[in-house]
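S.K.: One structure coming up, written as C-alpha cells, with questions to follow.
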Amino acid sequence: GINAQKQQLKGTDKLQTVKETHTMRWGVKCDTRLFGLIDPKTGESQGFDVDIARAVTAQIAKDQGTTIKPEFTPVTTNSKIQLLKNNQVDAVAASMTITPERAKVVDFTKSYFPAGQSILVKKGSPVTSIRDLNNPKYTVIGIMGTTALDTMKKFAPNAKVIAMPDNSQALSALESGQGDAITTDNAILYGLAQQSHDTQVVGKPFTNQPYGLAVNKGQASLRKAVDRALQETIDNGTYNRLIQKWFSNIPGLDWRELTK
Amino acid sequence: MSAIIKFKDVDKYYGDFHALHDINLEIDAGETVVLIGPSGSGKSTLLRTINGLETIQKGSLVVDGADVSSSQTNLNQLRTDVGMVFQHFNLYNNKTILENIMLAPRLVLKRKPEENEKIAQQLLKRVDLSDQAPKYPAQLSGGQQQRIAIARSLAMDPKVLLFDEPTSALDPEMVGSVLSVMRDIAKNSDMTMLVVTHEMEFAQAVADRVIFMADGRIMEDEHTDTFFAHPKSERARKFLSQVEHH
Amino acid sequence: MSAIIKFKDVDKYYGDFHALHDINLEIDAGETVVLIGPSGSGKSTLLRTINGLETIQKGSLVVDGADVSSSQTNLNQLRTDVGMVFQHFNLYNNKTILENIMLAPRLVLKRKPEENEKIAQQLLKRVDLSDQAPKYPAQLSGGQQQRIAIARSLAMDPKVLLFDEPTSALDPEMVGSVLSVMRDIAKNSDMTMLVVTHEMEFAQAVADRVIFMADGRIMEDEHTDTFFAHPKSERARKFLSQVEHH
Amino acid sequence: MSGAFSTSNVQYLLKGLGVTVGVSIISIIISFIAGSVLGIILYEKVPYFTKTVRLIVNTIRNLPLLLIIFFTYFALPKLGVELNAFSATVFAMSVFEATMVAEIIRGGLLSVGIGQTEGALSTGMNKVQTLWYIILPQALKRSIPPLISQFISLVKDTSLATAIVLPELMFRSQVIYGQNPKYMVPMFITIAALYFVVNYSLSLLAKWFDKRLV
Amino acid sequence: MIDIFTQNWQTILNGFWVTILSSVIGLVGSLLLGTIFALLELAPSRSLRIIGTAFVEFFRNIPLLVITMFFYVVVSSSFKIGGFWSGTIGLILYTSAFIAECLRGGIASVDAGQMEGARSNGLTYTQAMTHIVLPQGFRLAIPSLGNQFINLVKNSSILSFVAGFDLMYQANVISGANLDPFNTYIIVGILYLLITASVSWVVKRLENRIGKEVIR
Ligand SMILES: Nc1ncnc2c1ncn2[C@@H]1O[C@H](COP(=O)(O)OP(=O)(O)OP(=O)(O)O)[C@@H](O)[C@H]1O
Ligand SMILES: Nc1ncnc2c1ncn2[C@@H]1O[C@H](COP(=O)(O)OP(=O)(O)OP(=O)(O)O)[C@@H](O)[C@H]1O
Ligand SMILES: [Mg+2]
Ligand SMILES: [Mg+2]
C-alpha cells in the first residue's frame with residue numbers, strides 16, 4: 001500500500017526518473033525580483049534562478065545524451081524545503097542560502113551566487129549600517145522562514161523585529177512605516193530597490209550567505225549531475241551571460257564582481 | 001345609548017383581493033355581539049380593522065369617537081381602549097404571567113407599581129389562575145394561556161374587547177373554562193364585546209346580537225333568538241347545519 | 001368472528017414515562033370502534049402501536065395474525081394491511097394528489113400502471129374529489145386533504161384503518177364532509193375501523209363500541225349505546241359533559 | 001495600454017478568475033455528492049457508523065480551512081499522497097465543505113417533519129423508499145438556499161489557496177501589485193468587484209429560491 | 001509528536017493566546033457592529049435600510065483575505081496598523097455582516113402574533129420592539145450566532161497571512177523549521193478544536209438555559 005510506495009519512492013534514483021520522464025521539476029520563487037518573479041505576460045516565473053535552472057537542465061540533458069524539459073513549480077520561502085522533502089519537486093533553485101542546518105535535510109550543490117545579508121532603508125533614513133539599527137526604537141522587517149532574522153539578531157540584538165510572508169509585503173511594510181529597515185539577502189534587496197525608487201541598500205553585506213541549488217537527501221547521482229552541469233555552464237560562459245542579463249543595469253552594483 | 005363602533009360603507013382590500021364589501025354596522029356600548037360565518041368570510045379582517053391592525057381603503061370607521069381610517073388618529077391611544085384576544089393567545093413568551101399582565105399598564109398607562117400589581121393579582125384571581133403568576137406562558141396549557149390573555153386585555157381597562165376565535169385552538173376539555181370567563185365578563189361588566197366564534201351554544205347563551213358574514217359581506221344582523229330561530233338566508237341555514245350537526 | 005387486533009397485558013414507556021398501562025383489548029374484524037379520552041391519555045399512543053409506529057415494552061400485540069412486538073415481524077408487510085389517517089393528513093407534499101394515491105400501490109403492491117390509475121380514480125370519485133387529481137396537497141383545503149389521505153389509505157386495500165383525530169385540525173365547515181366519507185366506509189365495507197375522535201355525535205351514530213381511556217389505561221369498553229346512556233366511571237361522565245356542553 | 005490594467009495584466013487576472021471558478025465548481029460538485037451521503041448517514045442513525053461519521057464531521061467542521069489546506073499540501077505527501085497546488089486545494093475544499101453540506105442536508109431532512117415519514121411508512125413503504133421518494137426530494141428542495149450560501153463561502157475561501165501558491169484570482173492580484181505599489185488600490189477594487197459579482201449573483205439566486213419555496 | 005510541543009511550547013502558547021485574543025476582540029466588535037447593521041437593515045427609513053443592506057452585502061460577498069490584505073497593505077500605509085490589527089479588523093467587518101443576518105433572521109422568526117399582541121395591548125412600535133420582539137429575536141438567534149463565533153475562531157487563522165503571530169502562523173514557522181508538518185498541524189489542529197469545542201459548549205448551555213424559559 002502507501003508505505004510500500006513510499007519506500008519505493010525513497011529508493012528511486014531521481015536522475016533515472018528525470019531521464020525516463022524527460023522532465024526535471026524545479027522549485028523556483030514566484031515573488032523575488034531578479035531571481036524568480038512571475039511575469040503576468042507569460043504567467044511563469046522569470047529571473048536568474050530560473051535561467052540557471054534552465055541552463056543546468058539543458059546541460060544535464062546534453063551530458064546524459066537525452067532531452068529533458070524543465071518544469072517549474074512556484075514555491076515560497078516557507079515551502080521550498082518541504083516540497084523537496086515531499087518529492088513534489090526534484091530540485092530547488094530558489095535563492096536558498098547554504099547553511100549547515102539545511103544541509104542536514106537537503107543536499108546542496110556548490111554555490112551559484114555569492115549572496116550576503118544587507119539592509120534596505122528609505123532614502124534619507126539616518127540608518128546607514130546594521131550597527132545603527134541596534135536600538136529598541138527601530139523595527140527591522142524580515143521574511144518569514146528565512147535565516148536573515150536570526151543573523152540580524154546577532155548584529156543588532158536590541159532592535160524590534162517583525163516577519164512578513166513575502167518580499168513585496170516586506171517592502172510595503174517598509175514604505176508604510178511599519179518598520180525602519182528590511183534585512184535579507186542583498187540580491188533581493190537590490191531587486192526591491194530597483195522596484196521602489198525611494199529606498200536604497202546601505203552598508204556592505206555583513207554576512208556571507210551563498211546560494212546553492214538543492215536536491216533531496218540520498219540523491220547522490222542527481223546532485224553530482226547538477227553540480228557537474230553547473231560547473232559546465234560556468235566554464236562555457238553561459239553563467240556570466242546570465243549574470244550580465246540580470247544584474248548589469250542595477251545602479252550601484254558592479255555586475256562584473258559577480259562573474260566567475 | 002350611542003354606537004361605540006360605527007362602520008359606514010367600509011371596503012377593505014388585500015392587494016387586489018376584496019376582503020370586506022360595503023360594511024355598515026353599528027355596535028352600542030355594552031353590547032355583546034357574536035360574529036359567525038364560514039372560513040375566509042372576513043370575520044377576522046373585520047375585527048382587526050377595529051383596532052387598526054388592518055387599514056381600510058374606503059368608507060369610514062369610528063371607534064369610541066376616533067376615526068380609525070384617518071392618519072391623524074393616534075392608534076396607540078385607540079388601542080388602549082380596544083383590547084383584543086387572539087386565537088393563538090399571543091402572550092409574551094419572554095415575560096412571566098404577571099409581567100404579561102403588568103407590562104402595558106406600566107409602559108402605557110404609567111400605572112404605579114403597587115397599584116399595577118394589585119390589579120394584576122385581582123385579575124389573575126378573576127380568571128382563576130392566581131397560582132401561575134411566576135410561570136412563563138409556555139409552561140401553561142392552552143386554556144390557561146387564553147385566560148391570561150383575557151386578563152392582560154382587561155388590565156388596560158378597555159371599553160371594547162375583541163375576541164378572534166378564542167377557543168378554536170384549544171383542546172375540547174379546555175374550552176369550557178375560557179368560555180365561562182368570557183360569560184362572566186359579558187354578564188358582570190359594561191364592556192362592549194365583539195366575538196368571532198364557532199361555539200353556537202355560547203352565542204345563543206350570551207350574545208345580544210348575531211352577525212353572519214359570507215364572502216366579505218354582512219349577510220344577516222339579527223337579535224340572537226331571531227337569528228337562531230329563523231335564519232333568513234340560505235347560506236346561514238347551511239352554515240348552521242354544518243357547524244351544529246356533523 | 002375472531003379478533004383481528006389483540007392486546008394482551010401491553011405496557012408502553014417513553015423513556016421513563018409510562019404511557020400505556022396493562023392494555024387488554026380485542027377488536028373483531030369488521031368492527032368500528034371509537035376511542036375517546038382527555039388529552040394525553042394515550043389514545044394516539046395506543047393507535048400507533050397497532051401499526052408499529054411505536055414499539056411496546058411488555059405484553060403481546062397481535063394484528064392480523066402477526067406479532068407486532070416481535071422483531072421477526074415484517075412491519076412493512078403489516079402496514080400494507082393496516083392503514084392510518086393522521087390529524088395533520090401527512091400527504092406527500094412533493095407529489096400530486098393522484099401520485100399520492102398511486103405511489104404505495106406502485107412501489108409496494110407492484111400494481112400495474114393502468115389498474116393503479118383506474119383504482120385511484122375510483123377512490124377519488126368515492127371521496128368526491130375527482131377534479132383535484134393534478135393538484136398538489138398545499139392547494140387543497142384541510143377537509144379535502146383529509147379525504148385524499150383516506151383515499152390513499154384505501155388504495156392499499158387494508159384490512160384495518162386507524163384514524164387519529166381526523167377532523168380536529170379542520171375548520172368546522174370541513175368536518176362534515178370527512179365524517180361522511182368515514183361513515184360511508186363504516187357502513188359500506190367490511191373494514192375494521194379504530195377511530196380516535198372528539199366528535200361524539202359521529203361516535204354515537206357509527207361506532208359499535210366505545211373505549212374510554214384516561215392516564216394510559218382503558219377505563220371503559222362498552223357498546224356505544226350503553227356507554228353514552230350510562231357511563232360507569234366518574235371520569236367518563238365528567239369528560240362527556242366537558243366535551244358536549246360548554 | 002500600460003499600468004495596472006495593461007492587456008497582459010488583465011488577461012493574467014482573468015485567467016485567475018478562471019482558476020477560482022474552476023476550483024469552485026469542481027469542489028462544489030464533489031462536496032455536494034459526498035456531503036449528501038454524509039448527511040443521510042447522520043440523519044439515519046446507523047448504529048456505531050453514524051457516531052463515527054459524526055465525530056469525523058465535527059472534527060473537520062471545527063478546524064480552520066487554512067489548516068486543512070496546509071495539511072493536505074504539506075503533510076499528506078508523507079503518506080504517499082502527492083498533490084499539486086490545484087488538486088490539493090480541490091481536495092481540502094471538498095473535504096471541508098462536504099462536512100458543511102452534510103450538516104445542511106441533515107437539517108433539511110429533519111425539517112421535512114416526522115409526519116411525512118409516518119405517512120409513507122403507514123402505507124407500507126419501506127425506509128429506503130420513504131427516504132428516496134418522499135423525504136429526500138423535499139429535503140433537497142429546502143436545502144437549496146443554505147447550500148447556495150455555503151457555496152458562496154466556498155468561492156470566497158478559494159482565496160486561501162494563495163498560501164500554497166495556487167495562481168487564482170487573489171494570488172494573481174498580488175503578483176500584479178507586486179510589480180508596482182501604485183497598482184494596489186486598483187487591484188483591490190478589481191478583485192473585490194469580481195468576487196462580489198460572482199457571489200452576489202449566487203446570493204440573489206438563493207433569495208429567489210427562498211421566495212419560491214415559502 | 002509530544003516533543004514538537006515540548007520543544008516549541010512557548011511559540012505555540014504565544015500563538016494560542018494571540019488567536020484567543022483576536023477571537024475575543026473579534027467577537028465583541030462584530031457583535032456590536034452586527035447589531036448596528038441589523039438595526040439599520042430593519043430601520044423604518046428607506047435610506048438607512050439601503051445603507052445597512054449595502055454594508056452587509058458588501059462584506060458578505062468578498063473574501064475575508066481580500067478585506068484583511070486591504071487593511072494590511074493599503075490602509076496600513078496611512079494608518080500604522082500591524083498584522084494583528086489588520087487581521088482583527090478584517091475579522092470584525094467580515095463577521096459582523098453574518099451576525100447582522102443571524103439577528104435579522106432571529107427577529108423575523110419571532111411569531112408575528114407577538115408584535116400584534118403587544119400593539120393590541122397598547123404598546124407603541126418601539127416599546128413592542130424593545131420589550132418583546134428584540135429580546136426574543138436575540139434568543140432565537142443564539143444557535144446561529146454560536147455558529148458564527150465558531151467561524152470567527154477558525155477565520156482568525158487569516159492572521160497568519162499578515163504576520164499576526166497567531167496559532168496558524170506559528171504552526172507554519174514551526175513546521176518550516178522541523179519539517180514535520182504532519183504532526184505539527186495535528187497538534188495545532190487539536191488546539192483549534194479545544195477553542196471551538198469550548199465555544200460550542202458555552203453556546204449549548206446558553207441555548208438550554210434559555211430554552212427552558214421560551215419553549216417554542
Ligand atoms: N394578510 C392577508 N393578505 C392577503 N389576504 C388575506 C390576508 N388576511 C386574510 N386574507 C384573505 O382575506 C379573506 C378573509 O380572511 P379572514 O381571515 O378575515 O377570514 P375569517 O372569516 O377570519 O376566516 P377563518 O374562520 O378561517 O379565520 C380570506 O380569503 C383570506 O385568505
Ligand atoms: N414521543 C414521545 N415521547 C415522550 N412522551 C410522549 C411521546 N408521545 C407522547 N408522549 C406522552 O405520552 C402521553 C400520551 O400521549 P398521547 O399522544 O398518546 O395522548 P393522546 O391521548 O393522543 O392525547 P391528545 O388528545 O392530546 O392527542 C402524553 O403524556 C404525552 O406527553
Ligand atoms: Mg379568522
Ligand atoms: Mg393524540
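Residues are referred to by chain and number: the chain letter is A, B, ... according to the order shown in the C-alpha cells, the number counts from 1 in that chain, and ligands are numbered separately from 1 in the order shown.
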Could you go through segment 174-215 of chain B and tell me which residues DSSP, when run on the backbone, assigns to strand (DSSP E or B), listing them as a JSON list (two decimals) with N, CA, C and O atoms, in the first residue's frame?

M.R.:
[["chain", "number", "residue", "atom", "x", "y", "z"],
["B", 192, "THR", "N", -68.06, 46.41, 26.06],
["B", 192, "THR", "CA", -68.59, 46.07, 24.74],
["B", 192, "THR", "C", -67.77, 44.90, 24.21],
["B", 192, "THR", "O", -66.55, 44.96, 24.21],
["B", 193, "MET", "N", -68.45, 43.82, 23.82],
["B", 193, "MET", "CA", -67.71, 42.65, 23.36],
["B", 193, "MET", "C", -68.11, 42.27, 21.94],
["B", 193, "MET", "O", -69.29, 42.22, 21.62],
["B", 194, "LEU", "N", -67.09, 42.00, 21.11],
["B", 194, "LEU", "CA", -67.35, 41.52, 19.76],
["B", 194, "LEU", "C", -66.56, 40.22, 19.61],
["B", 194, "LEU", "O", -65.34, 40.21, 19.74],
["B", 195, "VAL", "N", -67.31, 39.12, 19.40],
["B", 195, "VAL", "CA", -66.68, 37.80, 19.50],
["B", 195, "VAL", "C", -66.86, 37.01, 18.20],
["B", 195, "VAL", "O", -67.98, 36.78, 17.76],
["B", 196, "VAL", "N", -65.72, 36.62, 17.58],
["B", 196, "VAL", "CA", -65.79, 35.66, 16.47],
["B", 196, "VAL", "C", -65.66, 34.27, 17.09],
["B", 196, "VAL", "O", -64.71, 34.00, 17.82],
["B", 209, "ARG", "N", -76.67, 40.13, 19.97],
["B", 209, "ARG", "CA", -76.91, 40.12, 18.53],
["B", 209, "ARG", "C", -75.97, 39.14, 17.86],
["B", 209, "ARG", "O", -74.87, 38.89, 18.35],
["B", 210, "VAL", "N", -76.37, 38.62, 16.72],
["B", 210, "VAL", "CA", -75.50, 37.77, 15.92],
["B", 210, "VAL", "C", -75.36, 38.38, 14.53],
["B", 210, "VAL", "O", -76.33, 38.83, 13.94],
["B", 211, "ILE", "N", -74.08, 38.44, 14.07],
["B", 211, "ILE", "CA", -73.84, 38.92, 12.72],
["B", 211, "ILE", "C", -73.30, 37.75, 11.91],
["B", 211, "ILE", "O", -72.36, 37.09, 12.34],
["B", 212, "PHE", "N", -73.94, 37.49, 10.78],
["B", 212, "PHE", "CA", -73.48, 36.40, 9.93],
["B", 212, "PHE", "C", -72.82, 36.96, 8.68],
["B", 212, "PHE", "O", -73.41, 37.78, 7.98],
["B", 213, "MET", "N", -71.56, 36.56, 8.45],
["B", 213, "MET", "CA", -70.82, 37.06, 7.28],
["B", 213, "MET", "C", -70.58, 35.95, 6.29],
["B", 213, "MET", "O", -70.45, 34.78, 6.66],
["B", 214, "ALA", "N", -70.50, 36.31, 5.01],
["B", 214, "ALA", "CA", -70.05, 35.38, 3.97],
["B", 214, "ALA", "C", -69.45, 36.20, 2.86],
["B", 214, "ALA", "O", -69.93, 37.30, 2.54]]

S.K.: I'd like the contact shell of segment 36-46 of chain D - 10 Å cut-off, only C-alpha atoms, skipping same-chain residues fewer than 4 positions apart - returned as a list in words.

M.R.: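 Using only C-alpha atoms, the neighbours found are Ile30, Ser31, Phe32, Thr50, Lys51, Thr52, Val53, Arg54, Val57, Ala98, Thr99, Met100, Val101, Ala102, Glu103, Ile104, Ile105, Arg106, Gly107, Gly108, Leu109, Leu110, Lys127, Leu131, Leu136 and Leu140 of chain D.
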
S.K.: For ligand 3, collect every residue having any atom at a distance of at most 7 Å from a ligand atom (counting only C-alpha atoms and all ligand atoms); output as JSON, numbers by chain.

M.R.: {"B": [39, 40, 43, 44, 164, 165]}

S.K.: Using only C-alpha atoms and all ligand atoms, what are the residues with an atom within 9 Å of ligand 2, set out as JSON, numbers by chain?

M.R.: {"B": [171, 172], "C": [13, 14, 15, 16, 17, 18, 19, 20, 36, 37, 38, 39, 40, 41, 42, 43, 44, 45, 46, 47, 48, 54, 87, 164, 165, 196, 197, 198, 213, 214, 215, 216]}

S.K.: Excluding Thr77 of chain A and residues on its chain fewer than 3 positions from it, collect all residues at most 12 Å away from it, counting only C-alpha atoms, and give them as a VMD selection string.

M.R.: (chain A and resid 27 to 32 36 74 80 to 83 92 to 97 142 to 148 164 to 167 184) or (chain D and resid 163 to 165) or (chain E and resid 172 to 173 176 to 177)

S.K.: Any chance you could export the current selection's C-alpha atoms as a compact mmCIF listing (two decimals), in the first residue's frame?

M.R.:
# COMPACT_ATOMS: atom_id res chain seq x y z
CA GLY A 27 11.00 24.69 -7.33
CA VAL A 28 11.53 28.38 -8.08
CA LYS A 29 10.44 31.57 -6.36
CA CYS A 30 7.45 33.47 -7.71
CA ASP A 31 7.81 36.71 -5.77
CA THR A 32 11.52 37.56 -5.92
CA GLY A 36 12.14 34.30 -9.60
CA PRO A 74 6.38 28.18 -7.67
CA LYS A 80 10.60 25.09 -0.66
CA ILE A 81 12.29 22.53 1.60
CA GLN A 82 9.01 20.79 2.39
CA LEU A 83 8.19 20.34 -1.27
CA VAL A 92 15.19 23.75 -5.91
CA ALA A 93 16.64 26.94 -7.39
CA ALA A 94 15.04 29.45 -5.09
CA SER A 95 17.61 31.89 -3.74
CA MET A 96 18.33 29.41 -0.99
CA THR A 97 21.27 30.00 1.30
CA GLY A 142 12.36 40.15 7.86
CA ILE A 143 10.82 37.47 5.68
CA MET A 144 9.11 34.51 7.32
CA GLY A 145 11.22 31.34 7.33
CA THR A 146 14.50 32.94 6.12
CA THR A 147 17.72 32.84 8.11
CA ALA A 148 18.10 36.61 7.93
CA MET A 164 6.39 39.25 6.67
CA PRO A 165 5.19 36.41 4.50
CA ASP A 166 6.92 37.61 1.35
CA ASN A 167 9.20 40.26 -0.11
CA THR A 184 17.56 39.92 3.85
CA ALA D 163 -0.96 30.30 0.76
CA ILE D 164 0.15 27.33 -1.33
CA VAL D 165 0.76 29.44 -4.44
CA ASN E 172 3.92 27.41 9.69
CA VAL E 173 7.07 28.69 11.36
CA GLY E 176 9.03 25.11 8.24
CA ALA E 177 11.83 24.51 10.73

S.K.: Might you pull out every residue within 12 Å of Pro137 of chain B, with only C-alpha atoms counted and same-chain residues fewer than 6 positions away left off, and present them as a PDB file with N, CA, C and O atoms, in the first residue's frame?

M.R.:
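Output below, filename selection.pdb:
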ATOM      1  N   HIS B  88     -54.471  32.393  18.927  1.00  0.00           N
ATOM      2  CA  HIS B  88     -53.262  31.751  19.457  1.00  0.00           C
ATOM      3  C   HIS B  88     -52.659  32.524  20.622  1.00  0.00           C
ATOM      4  O   HIS B  88     -51.447  32.537  20.811  1.00  0.00           O
ATOM      5  N   PHE B  89     -53.522  33.203  21.376  1.00  0.00           N
ATOM      6  CA  PHE B  89     -53.178  33.841  22.654  1.00  0.00           C
ATOM      7  C   PHE B  89     -52.187  34.984  22.511  1.00  0.00           C
ATOM      8  O   PHE B  89     -52.386  36.049  23.071  1.00  0.00           O
ATOM      9  N   ASN B  90     -51.044  34.727  21.824  1.00  0.00           N
ATOM     10  CA  ASN B  90     -50.012  35.751  21.656  1.00  0.00           C
ATOM     11  C   ASN B  90     -49.553  36.367  22.964  1.00  0.00           C
ATOM     12  O   ASN B  90     -49.324  37.566  23.050  1.00  0.00           O
ATOM     13  N   LEU B  91     -49.417  35.534  23.993  1.00  0.00           N
ATOM     14  CA  LEU B  91     -48.790  36.037  25.224  1.00  0.00           C
ATOM     15  C   LEU B  91     -47.320  36.305  24.934  1.00  0.00           C
ATOM     16  O   LEU B  91     -46.736  35.707  24.028  1.00  0.00           O
ATOM     17  N   TYR B  92     -46.703  37.198  25.706  1.00  0.00           N
ATOM     18  CA  TYR B  92     -45.282  37.493  25.509  1.00  0.00           C
ATOM     19  C   TYR B  92     -44.462  36.319  26.029  1.00  0.00           C
ATOM     20  O   TYR B  92     -44.411  36.057  27.231  1.00  0.00           O
ATOM     21  N   ASN B  93     -43.804  35.627  25.134  1.00  0.00           N
ATOM     22  CA  ASN B  93     -43.072  34.411  25.519  1.00  0.00           C
ATOM     23  C   ASN B  93     -41.939  34.689  26.490  1.00  0.00           C
ATOM     24  O   ASN B  93     -41.530  33.824  27.238  1.00  0.00           O
ATOM     25  N   ASN B  94     -41.383  35.907  26.414  1.00  0.00           N
ATOM     26  CA  ASN B  94     -40.200  36.197  27.226  1.00  0.00           C
ATOM     27  C   ASN B  94     -40.532  36.841  28.560  1.00  0.00           C
ATOM     28  O   ASN B  94     -39.640  37.305  29.256  1.00  0.00           O
ATOM     29  N   LYS B  95     -41.817  36.883  28.911  1.00  0.00           N
ATOM     30  CA  LYS B  95     -42.216  37.500  30.181  1.00  0.00           C
ATOM     31  C   LYS B  95     -43.019  36.484  31.009  1.00  0.00           C
ATOM     32  O   LYS B  95     -43.724  35.652  30.448  1.00  0.00           O
ATOM     33  N   THR B  96     -42.933  36.613  32.317  1.00  0.00           N
ATOM     34  CA  THR B  96     -43.775  35.765  33.164  1.00  0.00           C
ATOM     35  C   THR B  96     -45.238  36.185  33.014  1.00  0.00           C
ATOM     36  O   THR B  96     -45.553  37.229  32.432  1.00  0.00           O
ATOM     37  N   ILE B  97     -46.107  35.340  33.552  1.00  0.00           N
ATOM     38  CA  ILE B  97     -47.542  35.625  33.508  1.00  0.00           C
ATOM     39  C   ILE B  97     -47.830  36.989  34.108  1.00  0.00           C
ATOM     40  O   ILE B  97     -48.543  37.819  33.523  1.00  0.00           O
ATOM     41  N   LEU B  98     -47.271  37.243  35.285  1.00  0.00           N
ATOM     42  CA  LEU B  98     -47.534  38.510  35.961  1.00  0.00           C
ATOM     43  C   LEU B  98     -47.024  39.680  35.121  1.00  0.00           C
ATOM     44  O   LEU B  98     -47.719  40.692  34.934  1.00  0.00           O
ATOM     45  N   GLU B  99     -45.812  39.529  34.570  1.00  0.00           N
ATOM     46  CA  GLU B  99     -45.251  40.601  33.727  1.00  0.00           C
ATOM     47  C   GLU B  99     -46.078  40.814  32.463  1.00  0.00           C
ATOM     48  O   GLU B  99     -46.224  41.936  31.990  1.00  0.00           O
ATOM     49  N   ASN B 100     -46.630  39.722  31.916  1.00  0.00           N
ATOM     50  CA  ASN B 100     -47.500  39.849  30.759  1.00  0.00           C
ATOM     51  C   ASN B 100     -48.651  40.806  31.048  1.00  0.00           C
ATOM     52  O   ASN B 100     -48.994  41.641  30.221  1.00  0.00           O
ATOM     53  N   ILE B 101     -49.213  40.644  32.236  1.00  0.00           N
ATOM     54  CA  ILE B 101     -50.372  41.474  32.574  1.00  0.00           C
ATOM     55  C   ILE B 101     -49.955  42.898  32.907  1.00  0.00           C
ATOM     56  O   ILE B 101     -50.639  43.864  32.574  1.00  0.00           O
ATOM     57  N   GLY B 143     -55.695  26.509  27.479  1.00  0.00           N
ATOM     58  CA  GLY B 143     -56.829  27.145  28.137  1.00  0.00           C
ATOM     59  C   GLY B 143     -56.371  28.168  29.165  1.00  0.00           C
ATOM     60  O   GLY B 143     -56.928  29.267  29.271  1.00  0.00           O
ATOM     61  N   GLN B 144     -55.339  27.808  29.919  1.00  0.00           N
ATOM     62  CA  GLN B 144     -54.807  28.755  30.902  1.00  0.00           C
ATOM     63  C   GLN B 144     -54.215  29.982  30.217  1.00  0.00           C
ATOM     64  O   GLN B 144     -54.441  31.115  30.635  1.00  0.00           O
ATOM     65  N   GLN B 145     -53.476  29.733  29.123  1.00  0.00           N
ATOM     66  CA  GLN B 145     -52.879  30.863  28.409  1.00  0.00           C
ATOM     67  C   GLN B 145     -53.953  31.823  27.917  1.00  0.00           C
ATOM     68  O   GLN B 145     -53.792  33.036  27.991  1.00  0.00           O
ATOM     69  N   GLN B 146     -55.049  31.266  27.415  1.00  0.00           N
ATOM     70  CA  GLN B 146     -56.070  32.142  26.879  1.00  0.00           C
ATOM     71  C   GLN B 146     -56.717  32.968  27.986  1.00  0.00           C
ATOM     72  O   GLN B 146     -57.036  34.138  27.788  1.00  0.00           O
ATOM     73  N   ARG B 147     -56.894  32.363  29.158  1.00  0.00           N
ATOM     74  CA  ARG B 147     -57.469  33.139  30.269  1.00  0.00           C
ATOM     75  C   ARG B 147     -56.512  34.262  30.672  1.00  0.00           C
ATOM     76  O   ARG B 147     -56.936  35.376  30.993  1.00  0.00           O
ATOM     77  N   ILE B 148     -55.184  33.970  30.633  1.00  0.00           N
ATOM     78  CA  ILE B 148     -54.212  35.038  30.929  1.00  0.00           C
ATOM     79  C   ILE B 148     -54.305  36.139  29.872  1.00  0.00           C
ATOM     80  O   ILE B 148     -54.254  37.337  30.191  1.00  0.00           O
ATOM     81  N   ALA B 149     -54.475  35.738  28.618  1.00  0.00           N
ATOM     82  CA  ALA B 149     -54.569  36.747  27.556  1.00  0.00           C
ATOM     83  C   ALA B 149     -55.768  37.656  27.807  1.00  0.00           C
ATOM     84  O   ALA B 149     -55.714  38.870  27.592  1.00  0.00           O
TER      85      ALA B 149
ATOM     86  N   LYS E 212     -35.431  26.717  28.418  1.00  0.00           N
ATOM     87  CA  LYS E 212     -36.368  26.439  29.498  1.00  0.00           C
ATOM     88  C   LYS E 212     -37.377  27.554  29.655  1.00  0.00           C
ATOM     89  O   LYS E 212     -38.508  27.348  30.073  1.00  0.00           O
ATOM     90  N   GLU E 213     -36.917  28.773  29.340  1.00  0.00           N
ATOM     91  CA  GLU E 213     -37.767  29.931  29.531  1.00  0.00           C
ATOM     92  C   GLU E 213     -38.779  30.045  28.397  1.00  0.00           C
ATOM     93  O   GLU E 213     -39.959  30.220  28.605  1.00  0.00           O
ATOM     94  N   VAL E 214     -38.266  29.943  27.174  1.00  0.00           N
ATOM     95  CA  VAL E 214     -39.107  30.135  26.000  1.00  0.00           C
ATOM     96  C   VAL E 214     -39.152  28.846  25.218  1.00  0.00           C
ATOM     97  O   VAL E 214     -38.228  28.543  24.484  1.00  0.00           O
ATOM     98  N   ILE E 215     -40.184  28.066  25.414  1.00  0.00           N
ATOM     99  CA  ILE E 215     -40.309  26.848  24.624  1.00  0.00           C
ATOM    100  C   ILE E 215     -41.152  27.163  23.410  1.00  0.00           C
ATOM    101  O   ILE E 215     -42.287  27.626  23.525  1.00  0.00           O
ATOM    102  N   ARG E 216     -40.569  26.962  22.261  1.00  0.00           N
ATOM    103  CA  ARG E 216     -41.324  27.238  21.036  1.00  0.00           C
ATOM    104  C   ARG E 216     -41.572  25.962  20.264  1.00  0.00           C
ATOM    105  O   ARG E 216     -40.730  25.136  20.144  1.00  0.00           O
TER     106      ARG E 216
END

S.K.: Quick one: everything within 10 Å of Ala66 of chain C, counting only C-alpha atoms, minus sequence neighbours fewer than 5 positions away in the same chain. Send it as a PyMOL selection string.

M.R.: chain C and resi 4-5+61+72-75+77-78

S.K.: Write to file, as an mmCIF file, in the first residue's frame, the residues of the selection just made, with N, CA and C atoms.

M.R.:
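Once written, out.cif looks like this:
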data_model
loop_
_atom_site.group_PDB
_atom_site.id
_atom_site.type_symbol
_atom_site.label_atom_id
_atom_site.label_comp_id
_atom_site.auth_asym_id
_atom_site.auth_seq_id
_atom_site.Cartn_x
_atom_site.Cartn_y
_atom_site.Cartn_z
ATOM 1 N N ILE C 4 -59.100 -9.412 15.175
ATOM 2 C CA ILE C 4 -58.037 -9.072 14.229
ATOM 3 C C ILE C 4 -56.945 -8.273 14.931
ATOM 4 N N ILE C 5 -57.330 -7.604 16.027
ATOM 5 C CA ILE C 5 -56.353 -6.889 16.852
ATOM 6 C C ILE C 5 -56.482 -7.412 18.277
ATOM 7 N N LEU C 61 -48.911 -8.063 21.326
ATOM 8 C CA LEU C 61 -49.872 -7.384 20.475
ATOM 9 C C LEU C 61 -49.869 -8.094 19.125
ATOM 10 N N GLN C 72 -39.019 -10.191 14.542
ATOM 11 C CA GLN C 72 -39.075 -11.000 13.322
ATOM 12 C C GLN C 72 -40.105 -10.464 12.335
ATOM 13 N N THR C 73 -41.140 -9.851 12.895
ATOM 14 C CA THR C 73 -42.265 -9.441 12.057
ATOM 15 C C THR C 73 -41.852 -8.378 11.052
ATOM 16 N N ASN C 74 -42.281 -8.545 9.824
ATOM 17 C CA ASN C 74 -42.011 -7.559 8.792
ATOM 18 C C ASN C 74 -43.050 -6.448 8.893
ATOM 19 N N LEU C 75 -42.593 -5.307 9.451
ATOM 20 C CA LEU C 75 -43.542 -4.223 9.679
ATOM 21 C C LEU C 75 -44.080 -3.662 8.369
ATOM 22 N N GLN C 77 -44.752 -5.227 5.694
ATOM 23 C CA GLN C 77 -45.821 -6.122 5.290
ATOM 24 C C GLN C 77 -47.090 -5.809 6.092
ATOM 25 N N LEU C 78 -46.915 -5.714 7.429
ATOM 26 C CA LEU C 78 -48.058 -5.438 8.304
ATOM 27 C C LEU C 78 -48.758 -4.154 7.890
#
